[in-house]
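A.B. asks: Sending over coords-v8.txt (compact mmCIF, C-alpha atoms).
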```
# COMPACT_ATOMS: atom_id res chain seq x y z
CA MET A 239 176.42 80.59 113.47
CA ILE A 240 176.10 81.55 117.12
CA ALA A 241 178.59 82.20 119.90
CA ALA A 242 179.18 79.11 122.02
CA PRO A 243 177.94 79.36 125.63
CA ALA A 244 180.67 80.24 128.09
CA ALA A 245 180.07 76.95 129.93
CA SER A 246 181.20 74.92 126.91
CA ALA A 247 183.54 77.36 125.11
CA ALA A 248 186.56 76.61 127.31
CA ALA A 249 186.34 72.86 126.73
CA ALA A 250 185.69 73.40 123.02
CA ARG A 251 188.80 75.58 122.73
CA ARG A 252 190.93 72.86 124.33
CA TRP A 253 189.39 70.22 122.06
CA LEU A 254 190.09 72.32 118.97
CA ALA A 255 193.72 72.59 120.14
CA GLY A 256 193.98 68.81 120.46
CA GLU A 257 194.27 68.93 124.24
CA LEU A 258 191.06 67.02 125.06
CA PRO A 259 189.49 63.87 123.62
CA ALA A 260 185.88 64.03 122.47
CA ALA A 261 183.42 62.86 125.13
CA THR A 262 181.39 59.74 124.35
CA PRO A 263 177.77 60.69 123.55
CA ARG A 264 174.93 59.29 125.64
CA ASP A 265 171.74 58.15 123.92
CA ALA A 266 168.83 60.34 124.99
CA ALA A 267 165.18 61.01 124.21
CA SER A 268 163.21 64.26 124.36
CA VAL A 269 159.45 64.72 123.92
CA ALA A 270 157.64 67.74 122.52
CA LEU A 271 154.22 67.29 124.12
CA VAL A 272 151.59 69.25 122.17
CA ARG A 273 147.95 70.16 122.61
CA ASP A 274 145.40 72.00 120.49
CA ILE A 275 144.19 75.49 121.32
CA GLU A 276 141.67 77.69 119.53
CA ASP A 277 144.10 79.18 117.03
CA GLY A 278 146.83 76.55 116.75
CA LEU A 279 148.81 74.37 119.11
CA GLU A 280 150.91 74.72 122.22
CA VAL A 281 153.91 72.75 123.43
CA LEU A 282 154.78 71.94 127.04
CA MET A 283 158.10 73.27 128.27
CA LEU A 284 160.01 72.97 131.52
CA ALA A 285 162.26 75.63 133.04
CA ARG A 286 165.26 73.75 134.39
CA ALA A 287 166.35 74.46 137.95
CA PRO A 288 169.27 76.90 138.40
CA THR A 289 171.10 74.20 140.38
CA MET A 290 171.32 71.82 137.40
CA SER A 291 174.86 71.20 136.15
CA PHE A 292 173.69 70.92 132.53
CA ALA A 293 171.65 73.75 130.95
CA PRO A 294 170.50 75.49 134.16
CA GLU A 295 167.48 77.82 133.80
CA VAL A 296 167.01 76.79 130.16
CA TYR A 297 163.55 75.96 128.77
CA VAL A 298 163.43 72.36 127.53
CA PHE A 299 161.06 69.54 126.64
CA PRO A 300 160.76 66.57 129.01
CA GLY A 301 163.57 64.13 128.35
CA GLY A 302 166.84 62.61 129.44
CA SER A 303 169.39 59.85 128.97
CA VAL A 304 168.53 56.26 128.19
CA THR A 305 168.98 54.03 131.25
CA GLU A 306 169.73 50.33 131.47
CA SER A 307 166.13 49.66 132.52
CA ASP A 308 164.96 51.33 129.30
CA ARG A 309 167.04 48.85 127.32
CA THR A 310 165.58 45.79 129.04
CA GLY A 311 161.86 46.49 129.41
CA PRO A 312 158.92 46.56 129.43
CA THR A 313 158.90 44.33 126.34
CA LYS A 314 155.77 42.34 127.15
CA ARG A 315 153.64 45.49 127.53
CA LEU A 316 154.90 47.30 124.47
CA GLY A 317 153.46 46.96 120.99
CA ALA A 318 155.87 46.41 118.11
CA LEU A 319 157.60 49.54 116.89
CA PRO A 320 156.89 50.46 113.26
CA PRO A 321 159.80 49.35 111.03
CA SER A 322 160.07 52.95 109.77
CA TRP A 323 161.14 54.00 113.26
CA HIS A 324 164.50 52.26 112.97
CA GLN A 325 165.37 54.34 109.95
CA SER A 326 163.87 57.55 111.32
CA LEU A 327 165.77 57.18 114.58
CA ASP A 328 168.94 55.83 112.92
CA ALA A 329 168.85 53.08 115.52
CA THR A 330 168.95 49.32 115.83
CA PRO A 331 165.66 47.70 116.94
CA GLY A 332 167.07 47.40 120.47
CA LEU A 333 168.06 51.04 120.67
CA ALA A 334 164.76 52.18 119.14
CA HIS A 335 162.96 50.24 121.88
CA ALA A 336 165.15 51.84 124.57
CA LEU A 337 164.56 55.33 123.16
CA PHE A 338 160.79 54.81 123.17
CA CYS A 339 160.88 53.61 126.79
CA ALA A 340 163.09 56.53 127.81
CA ALA A 341 160.71 58.99 126.15
CA VAL A 342 157.69 57.57 128.00
CA ARG A 343 159.52 57.30 131.33
CA GLU A 344 161.06 60.77 131.26
CA THR A 345 157.75 62.39 130.29
CA PHE A 346 156.06 60.73 133.25
CA GLU A 347 158.91 61.54 135.64
CA GLU A 348 159.22 65.20 134.68
CA CYS A 349 155.62 66.32 134.18
CA GLY A 350 153.34 63.47 135.27
CA ILE A 351 151.94 62.70 131.81
CA LEU A 352 151.76 58.97 131.05
CA LEU A 353 151.77 58.19 127.32
CA ALA A 354 149.84 54.95 127.71
CA GLN A 355 146.48 53.48 126.77
CA ALA A 356 143.65 54.80 128.89
CA GLY A 357 141.76 52.35 131.08
CA GLN A 358 140.68 51.54 134.59
CA ALA A 359 144.08 50.17 135.61
CA ALA A 360 145.98 53.22 134.38
CA SER A 361 143.50 55.58 136.03
CA ALA A 362 144.47 54.12 139.41
CA LEU A 363 147.57 56.29 139.17
CA ASP A 364 145.40 59.35 139.79
CA GLY A 365 144.32 58.24 143.21
CA ASP A 366 145.44 59.95 146.39
CA GLY A 367 149.00 60.93 145.52
CA VAL A 368 149.75 57.63 143.79
CA ARG A 369 150.93 59.34 140.60
CA GLN A 370 153.40 61.52 142.50
CA ALA A 371 154.71 58.55 144.46
CA GLU A 372 155.27 56.51 141.31
CA ARG A 373 157.01 59.44 139.62
CA ALA A 374 159.36 59.76 142.59
CA SER A 375 160.08 56.03 142.47
CA LEU A 376 161.14 56.30 138.83
CA GLU A 377 163.14 59.47 139.33
CA GLU A 378 165.04 57.99 142.28
CA ARG A 379 165.59 54.72 140.35
CA ARG A 380 163.77 52.69 143.00
CA GLY A 381 161.46 51.38 140.30
CA SER A 382 161.36 51.09 136.52
CA LEU A 383 158.89 51.68 133.74
CA ALA A 384 158.46 47.90 133.48
CA ASP A 385 157.58 47.74 137.20
CA LEU A 386 155.01 50.52 136.73
CA CYS A 387 153.39 48.82 133.73
CA ASP A 388 153.19 45.46 135.51
CA LYS A 389 151.81 46.94 138.72
CA TYR A 390 148.95 48.79 137.01
CA SER A 391 148.45 46.55 133.94
CA ILE A 392 149.44 49.42 131.66
CA ARG A 393 150.10 48.78 127.99
CA LEU A 394 152.31 51.13 126.03
CA SER A 395 151.74 51.96 122.39
CA PRO A 396 154.18 53.50 119.90
CA GLY A 397 151.19 55.29 118.40
CA PHE A 398 151.42 57.89 121.16
CA LEU A 399 154.75 59.13 119.79
CA ALA A 400 156.21 60.08 116.41
CA PRO A 401 159.92 60.63 115.63
CA LEU A 402 160.60 64.32 115.06
CA ALA A 403 164.33 65.19 114.94
CA HIS A 404 167.82 63.92 115.74
CA TRP A 405 170.62 66.07 117.17
CA LEU A 406 174.10 65.14 118.36
CA THR A 407 176.00 67.46 120.70
CA PRO A 408 179.20 68.69 118.97
CA ALA A 409 182.54 67.02 119.58
CA GLY A 410 184.39 69.15 122.10
CA ALA A 411 181.43 69.74 124.41
CA PRO A 412 181.99 68.65 128.03
CA ARG A 413 178.85 66.48 127.85
CA ARG A 414 177.46 65.00 124.67
CA TYR A 415 173.99 63.62 123.97
CA ASP A 416 172.80 61.72 120.91
CA THR A 417 169.20 62.89 121.24
CA ARG A 418 166.16 61.73 119.34
CA PHE A 419 163.25 64.13 119.60
CA PHE A 420 159.67 62.86 119.51
CA VAL A 421 156.32 64.64 119.25
CA ALA A 422 153.40 63.40 121.35
CA ARG A 423 149.83 64.58 121.69
CA LEU A 424 148.57 65.27 125.23
CA PRO A 425 146.46 62.23 126.18
CA PRO A 426 142.76 62.97 126.88
CA GLY A 427 141.99 63.51 130.55
CA GLN A 428 145.57 64.14 131.62
CA ASN A 429 147.19 67.38 132.74
CA PRO A 430 150.78 68.06 133.76
CA ALA A 431 151.60 67.94 137.46
CA LEU A 432 154.23 69.82 139.43
CA PRO A 433 157.69 69.53 137.91
CA SER A 434 160.29 67.08 139.17
CA ALA A 435 163.35 68.17 141.11
CA GLU A 436 165.07 69.05 137.83
CA ALA A 437 162.65 71.87 136.95
CA VAL A 438 161.03 74.85 138.63
CA GLU A 439 158.21 75.64 136.20
CA ILE A 440 155.90 73.98 133.68
CA THR A 441 154.35 76.15 131.00
CA TRP A 442 152.46 75.79 127.71
CA LEU A 443 153.78 77.98 124.91
CA ALA A 444 152.83 78.53 121.30
CA PRO A 445 155.93 77.37 119.39
CA ALA A 446 156.25 80.63 117.43
CA ALA A 447 155.99 82.66 120.65
CA ALA A 448 158.64 80.51 122.31
CA VAL A 449 161.04 81.07 119.40
CA ALA A 450 160.35 84.81 119.19
CA GLY A 451 160.39 85.40 122.95
CA GLU A 452 163.25 85.90 125.35
CA TYR A 453 163.18 82.38 126.73
CA PRO A 454 166.65 80.78 127.07
CA ILE A 455 166.43 77.85 124.64
CA LEU A 456 169.15 75.57 123.26
CA PRO A 457 169.59 75.43 119.45
CA PRO A 458 168.11 71.92 118.96
CA THR A 459 165.01 72.86 120.97
CA ARG A 460 164.69 76.10 119.00
CA ALA A 461 164.88 74.17 115.71
CA VAL A 462 162.16 71.75 116.85
CA LEU A 463 159.96 74.65 117.97
CA SER A 464 160.42 76.31 114.58
CA GLU A 465 159.15 73.16 112.85
CA LEU A 466 156.22 72.80 115.26
CA ALA A 467 155.24 76.41 114.51
CA THR A 468 154.42 75.34 110.93
CA TYR A 469 151.60 73.00 112.02
CA LYS A 470 148.03 74.07 112.74
CA THR A 471 147.03 71.13 114.92
CA ALA A 472 148.58 68.49 117.12
CA ARG A 473 147.34 65.87 114.66
CA ASP A 474 149.22 67.61 111.84
CA ALA A 475 152.41 67.57 113.91
CA MET A 476 152.01 63.87 114.69
CA ARG A 477 151.21 62.75 111.14
CA ALA A 478 153.44 64.99 109.04
CA PRO A 479 155.88 63.01 106.86
CA ARG A 480 159.47 63.99 107.57
CA ALA A 481 162.90 62.80 106.52
CA ILE A 482 165.01 62.94 109.66
CA ARG A 483 168.77 63.30 109.50
CA ARG A 484 171.17 63.72 112.37
CA ILE A 485 172.37 67.27 112.86
CA THR A 486 175.72 67.82 114.57
CA PRO A 487 176.83 71.42 115.19
CA LYS A 488 180.55 72.09 114.86
CA TYR A 489 182.83 74.30 116.94
CA THR A 490 185.10 76.81 115.27
CA ASP A 491 187.52 79.44 116.59
CA ILE A 492 187.25 82.86 114.92
CA ASP A 493 189.69 85.43 116.26
CA GLY A 494 189.73 83.81 119.67
CA GLN A 495 185.94 83.52 119.96
CA ILE A 496 184.36 80.05 119.91
CA TYR A 497 181.30 79.72 117.68
CA LEU A 498 178.88 76.93 116.80
CA LEU A 499 178.32 76.24 113.12
CA PHE A 500 175.14 74.64 111.78
CA PRO A 501 174.25 73.12 108.41
CA GLY A 502 174.07 75.96 105.89
CA ASP A 503 176.61 78.13 107.70
CA GLU A 504 179.80 79.05 105.86
CA GLY A 505 182.54 76.68 106.96
CA TYR A 506 180.21 73.86 107.97
CA PRO A 507 181.46 70.58 106.44
CA PRO A 508 179.46 69.45 103.39
CA PRO A 509 177.43 66.23 103.69
CA GLY A 510 179.09 62.92 102.90
```
Kindly present the structure from the file in structure tokens form.

C.D. replies:
Amino acid sequence: MIAAPAASAAAARRWLAGELPAATPRDAASVALVRDIEDGLEVLMLARAPTMSFAPEVYVFPGGSVTESDRTGPTKRLGALPPSWHQSLDATPGLAHALFCAAVRETFEECGILLAQAGQAASALDGDGVRQAERASLEERRGSLADLCDKYSIRLSPGFLAPLAHWLTPAGAPRRYDTRFFVARLPPGQNPALPSAEAVEITWLAPAAAVAGEYPILPPTRAVLSELATYKTARDAMRAPRAIRRITPKYTDIDGQIYLLFPGDEGYPPPG
């Protein structure tokens, strides 16, 4: 149990009192991008800009909401998703496809890493500011991931990602996200570029150090980091078998203070 952030506590209090309806969750994808170091692994994190309306100055993984373009493409340049993904993501085939596309697109937009098969066509993105221009086109919604793949003959592969976790923002929050977390290994020959307009810093952190440090981190991100801290290599993190279930924190009012309850906390509803 933790105290709810002030930014969401007021809305949660009104929701608990029956004064506000629950917001409709948006489907979203978030990617824990990992790389090997001498004594373990590191994960890429972004420090969100202080001007952001949601989670300002918080350290996050690349990610964001599913867009309509994610739902419609790029089908012809995407290999078939493993059937196990639908169960792991608790998603229909169409939504699983959209989540994969959102994960790839957001990672490219926010840190310049393209989770795609290496090759001469894809390497053209590295030329003379081309990568930055294409990132801006996606971020400003002037282009789509399908456009990018067609333009540079890029083929996407689900093998670059593995489902990792599933969190739903609690009912009562002003904004709600139904977020599927993925883990991805840093592709050979690629390095993160300057952050997008949404972030002010890119950093690589050992998961255990991120959890133990004084970095402002949301509970779902902290839980994912805690799991990543148990792996010795990026390959281990990608290949580890895991049974994913959706976790939804719950708001509660204790003596006028709004708290968030998590599975295992006293007062959290039992499963079923």

A.B. asks: Need the shell around segment 451-460 of chain A: protein/DNA/RNA residues with any atom at most 12 Å away, counting only C-alpha atoms. Skip same-chain ones fewer than 2 positions apart. Format as a VMD selection string?

C.D. replies: chain A and resid 239 to 243 268 to 270 281 to 286 292 to 301 402 to 408 415 to 420 441 443 to 449 462 to 467 484 to 487 498 to 500

A.B. asks: Record the distance separating atom CA of Ala261 of chain A and atom CA of Ala249 of chain A, expressed in Å with one decimal.

C.D. replies: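 Atom CA of Ala249 of chain A lies at a distance of 10.5 Å from atom CA of Ala261 of chain A.
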
A.B. asks: Could you check how far atom CA of Leu337 of chain A sits from atom CA of Ala374 of chain A, in Å to one decimal?

C.D. replies: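 Rounded to one decimal, the two atoms are 20.6 Å apart.
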
A.B. asks: What does the structure give for the distance between atom CA of Ala245 of chain A and atom CA of Arg413 of chain A, in Å to one decimal?

C.D. replies: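 So the two atoms, atom CA of Ala245 of chain A and atom CA of Arg413 of chain A, lie 10.7 Å apart.
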
A.B. asks: Hey, what's within 7 Å of Gly317 of chain A if we count all atoms listed in the file and toss same-chain stuff fewer than 4 positions away? As JSON, numbers by chain, please?

C.D. replies: {"A": [394, 395, 396]}

A.B. asks: With 12 Å as the threshold, what does the neighbourhood of (182.4, 77.6, 108.2) contain in terms of residues, counting all atoms listed in the file? Coordinates are those of the file; answer as a list in words.

C.D. replies: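 The answer, in the requested form, is Met239, Ile240, Pro487, Lys488, Tyr489, Thr490, Asp491, Ile492, Tyr497, Leu498, Leu499, Phe500, Pro501, Gly502, Asp503, Glu504, Gly505, Tyr506, Pro507 and Pro508 of chain A.
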
A.B. asks: Using only C-alpha atoms, which residue out of A:Glu436, A:Glu306, A:Glu378, A:Gly397 lies closest to Ala318 of chain A?

C.D. replies: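 Of A:Glu436, A:Glu306, A:Glu378, A:Gly397, the one nearest Ala318 of chain A, counting only C-alpha atoms, is A:Gly397.
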
A.B. asks: Rank nothing, just name the residue among A:Lys470, A:Arg264, A:Arg273, A:Arg369 nearest to Val304 of chain A, using all atoms listed in the file.

C.D. replies: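 So, comparing all the options, the nearest one is A:Arg264.
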
A.B. asks: Of the candidates A:Arg480, A:Arg315, A:Arg309, A:Arg252, which one gets nearest to Ala266 of chain A if we count all atoms listed in the file?

C.D. replies: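 Checking each of A:Arg480, A:Arg315, A:Arg309, A:Arg252 against Ala266 of chain A, counting all atoms listed in the file, the winner is A:Arg309.
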
A.B. asks: Determine the axis-aligned bounding box of all atoms of segment 400-404 of chain A present in the file, pad each side by 8 Å, and express its centre and edge lengths in Å to one decimal place as JSON.

C.D. replies:
```
{"center_x": 162.0, "center_y": 62.6, "center_z": 115.7, "size_x": 27.6, "size_y": 21.1, "size_z": 17.5}
```

A.B. asks: Would you pick out the contacts of His324 of chain A at 12 Å or less, using all atoms listed in the file, so that residues sharing its chain but fewer than 3 positions from it are not included, and give the list as a list in words?

C.D. replies: Ala318, Leu319, Pro320, Pro321, Leu327, Asp328, Ala329, Thr330, Pro331, Gly332, Leu333, Ala334, His335, Ala336, Leu337, Phe338, Ala400, Pro401, Arg418 and Ile482 of chain A

A.B. asks: In terms of the shortest atom-to-atom distance over only C-alpha atoms, which of A:Ala244, A:Cys349, A:Val342, A:Ala250 is closest to Ala431 of chain A?

C.D. replies: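 Distance minimum relative to Ala431 of chain A lands on A:Cys349.
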
A.B. asks: Point out the residue among A:Leu376, A:Ala255, A:Leu383, A:Ala371 with the least atom-to-atom distance to Leu316 of chain A, counting only C-alpha atoms.

C.D. replies: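 Smallest separation from Leu316 of chain A among the options: A:Leu383.
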
A.B. asks: Reconstruct segment 255-285 of chain A at the level of N, CA and C atoms, and format the result as an mmCIF file, in the coordinates of the input.

C.D. replies:
```cif
data_model
loop_
_atom_site.group_PDB
_atom_site.id
_atom_site.type_symbol
_atom_site.label_atom_id
_atom_site.label_comp_id
_atom_site.auth_asym_id
_atom_site.auth_seq_id
_atom_site.Cartn_x
_atom_site.Cartn_y
_atom_site.Cartn_z
ATOM 1 N N ALA A 255 192.252 72.565 120.075
ATOM 2 C CA ALA A 255 193.720 72.590 120.140
ATOM 3 C C ALA A 255 194.322 71.201 120.291
ATOM 4 N N GLY A 256 193.489 70.175 120.326
ATOM 5 C CA GLY A 256 193.980 68.810 120.460
ATOM 6 C C GLY A 256 194.366 68.429 121.866
ATOM 7 N N GLU A 257 193.890 69.180 122.852
ATOM 8 C CA GLU A 257 194.270 68.930 124.240
ATOM 9 C C GLU A 257 193.277 68.051 124.981
ATOM 10 N N LEU A 258 192.092 67.835 124.419
ATOM 11 C CA LEU A 258 191.060 67.020 125.060
ATOM 12 C C LEU A 258 190.486 66.032 124.058
ATOM 13 N N PRO A 259 190.201 64.803 124.498
ATOM 14 C CA PRO A 259 189.490 63.870 123.620
ATOM 15 C C PRO A 259 188.008 64.224 123.590
ATOM 16 N N ALA A 260 187.316 63.799 122.545
ATOM 17 C CA ALA A 260 185.880 64.030 122.470
ATOM 18 C C ALA A 260 185.165 63.111 123.456
ATOM 19 N N ALA A 261 184.205 63.663 124.188
ATOM 20 C CA ALA A 261 183.420 62.860 125.130
ATOM 21 C C ALA A 261 182.535 61.888 124.358
ATOM 22 N N THR A 262 182.269 60.737 124.966
ATOM 23 C CA THR A 262 181.390 59.740 124.350
ATOM 24 C C THR A 262 179.933 60.176 124.519
ATOM 25 N N PRO A 263 179.172 60.259 123.428
ATOM 26 C CA PRO A 263 177.770 60.690 123.550
ATOM 27 C C PRO A 263 176.915 59.654 124.282
ATOM 28 N N ARG A 264 175.924 60.150 125.002
ATOM 29 C CA ARG A 264 174.930 59.290 125.640
ATOM 30 C C ARG A 264 173.654 59.333 124.798
ATOM 31 N N ASP A 265 173.033 58.176 124.594
ATOM 32 C CA ASP A 265 171.740 58.150 123.920
ATOM 33 C C ASP A 265 170.700 58.805 124.817
ATOM 34 N N ALA A 266 169.839 59.622 124.221
ATOM 35 C CA ALA A 266 168.830 60.340 124.990
ATOM 36 C C ALA A 266 167.567 60.516 124.158
ATOM 37 N N ALA A 267 166.457 60.767 124.855
ATOM 38 C CA ALA A 267 165.180 61.010 124.210
ATOM 39 C C ALA A 267 164.563 62.280 124.784
ATOM 40 N N SER A 268 163.876 63.031 123.939
ATOM 41 C CA SER A 268 163.210 64.260 124.360
ATOM 42 C C SER A 268 161.848 64.320 123.684
ATOM 43 N N VAL A 269 160.823 64.782 124.415
ATOM 44 C CA VAL A 269 159.450 64.720 123.920
ATOM 45 C C VAL A 269 158.811 66.099 123.883
ATOM 46 N N ALA A 270 158.423 66.514 122.680
ATOM 47 C CA ALA A 270 157.640 67.740 122.520
ATOM 48 C C ALA A 270 156.168 67.360 122.662
ATOM 49 N N LEU A 271 155.603 67.636 123.825
ATOM 50 C CA LEU A 271 154.220 67.290 124.120
ATOM 51 C C LEU A 271 153.326 68.439 123.672
ATOM 52 N N VAL A 272 152.390 68.184 122.756
ATOM 53 C CA VAL A 272 151.590 69.250 122.170
ATOM 54 C C VAL A 272 150.112 69.074 122.471
ATOM 55 N N ARG A 273 149.397 70.183 122.453
ATOM 56 C CA ARG A 273 147.950 70.160 122.610
ATOM 57 C C ARG A 273 147.339 71.235 121.715
ATOM 58 N N ASP A 274 146.087 71.033 121.336
ATOM 59 C CA ASP A 274 145.400 72.000 120.490
ATOM 60 C C ASP A 274 144.818 73.133 121.312
ATOM 61 N N ILE A 275 144.878 74.342 120.769
ATOM 62 C CA ILE A 275 144.190 75.490 121.320
ATOM 63 C C ILE A 275 143.351 76.099 120.200
ATOM 64 N N GLU A 276 142.634 77.155 120.493
ATOM 65 C CA GLU A 276 141.670 77.690 119.530
ATOM 66 C C GLU A 276 142.307 78.093 118.209
ATOM 67 N N ASP A 277 143.494 78.678 118.265
ATOM 68 C CA ASP A 277 144.100 79.180 117.030
ATOM 69 C C ASP A 277 145.435 78.517 116.709
ATOM 70 N N GLY A 278 145.581 77.241 117.058
ATOM 71 C CA GLY A 278 146.830 76.550 116.750
ATOM 72 C C GLY A 278 147.145 75.475 117.764
ATOM 73 N N LEU A 279 148.404 75.355 118.103
ATOM 74 C CA LEU A 279 148.810 74.370 119.110
ATOM 75 C C LEU A 279 149.796 74.985 120.075
ATOM 76 N N GLU A 280 149.925 74.337 121.207
ATOM 77 C CA GLU A 280 150.910 74.720 122.220
ATOM 78 C C GLU A 280 151.777 73.523 122.548
ATOM 79 N N VAL A 281 152.975 73.809 123.044
ATOM 80 C CA VAL A 281 153.910 72.750 123.430
ATOM 81 C C VAL A 281 154.304 72.957 124.889
ATOM 82 N N LEU A 282 154.419 71.871 125.618
ATOM 83 C CA LEU A 282 154.780 71.940 127.040
ATOM 84 C C LEU A 282 156.289 72.106 127.170
ATOM 85 N N MET A 283 156.681 73.044 128.028
ATOM 86 C CA MET A 283 158.100 73.270 128.270
ATOM 87 C C MET A 283 158.368 73.375 129.766
ATOM 88 N N LEU A 284 159.565 72.943 130.138
ATOM 89 C CA LEU A 284 160.010 72.970 131.520
ATOM 90 C C LEU A 284 161.156 73.964 131.666
ATOM 91 N N ALA A 285 161.128 74.763 132.711
ATOM 92 C CA ALA A 285 162.260 75.630 133.040
ATOM 93 C C ALA A 285 163.157 74.867 134.011
#
```
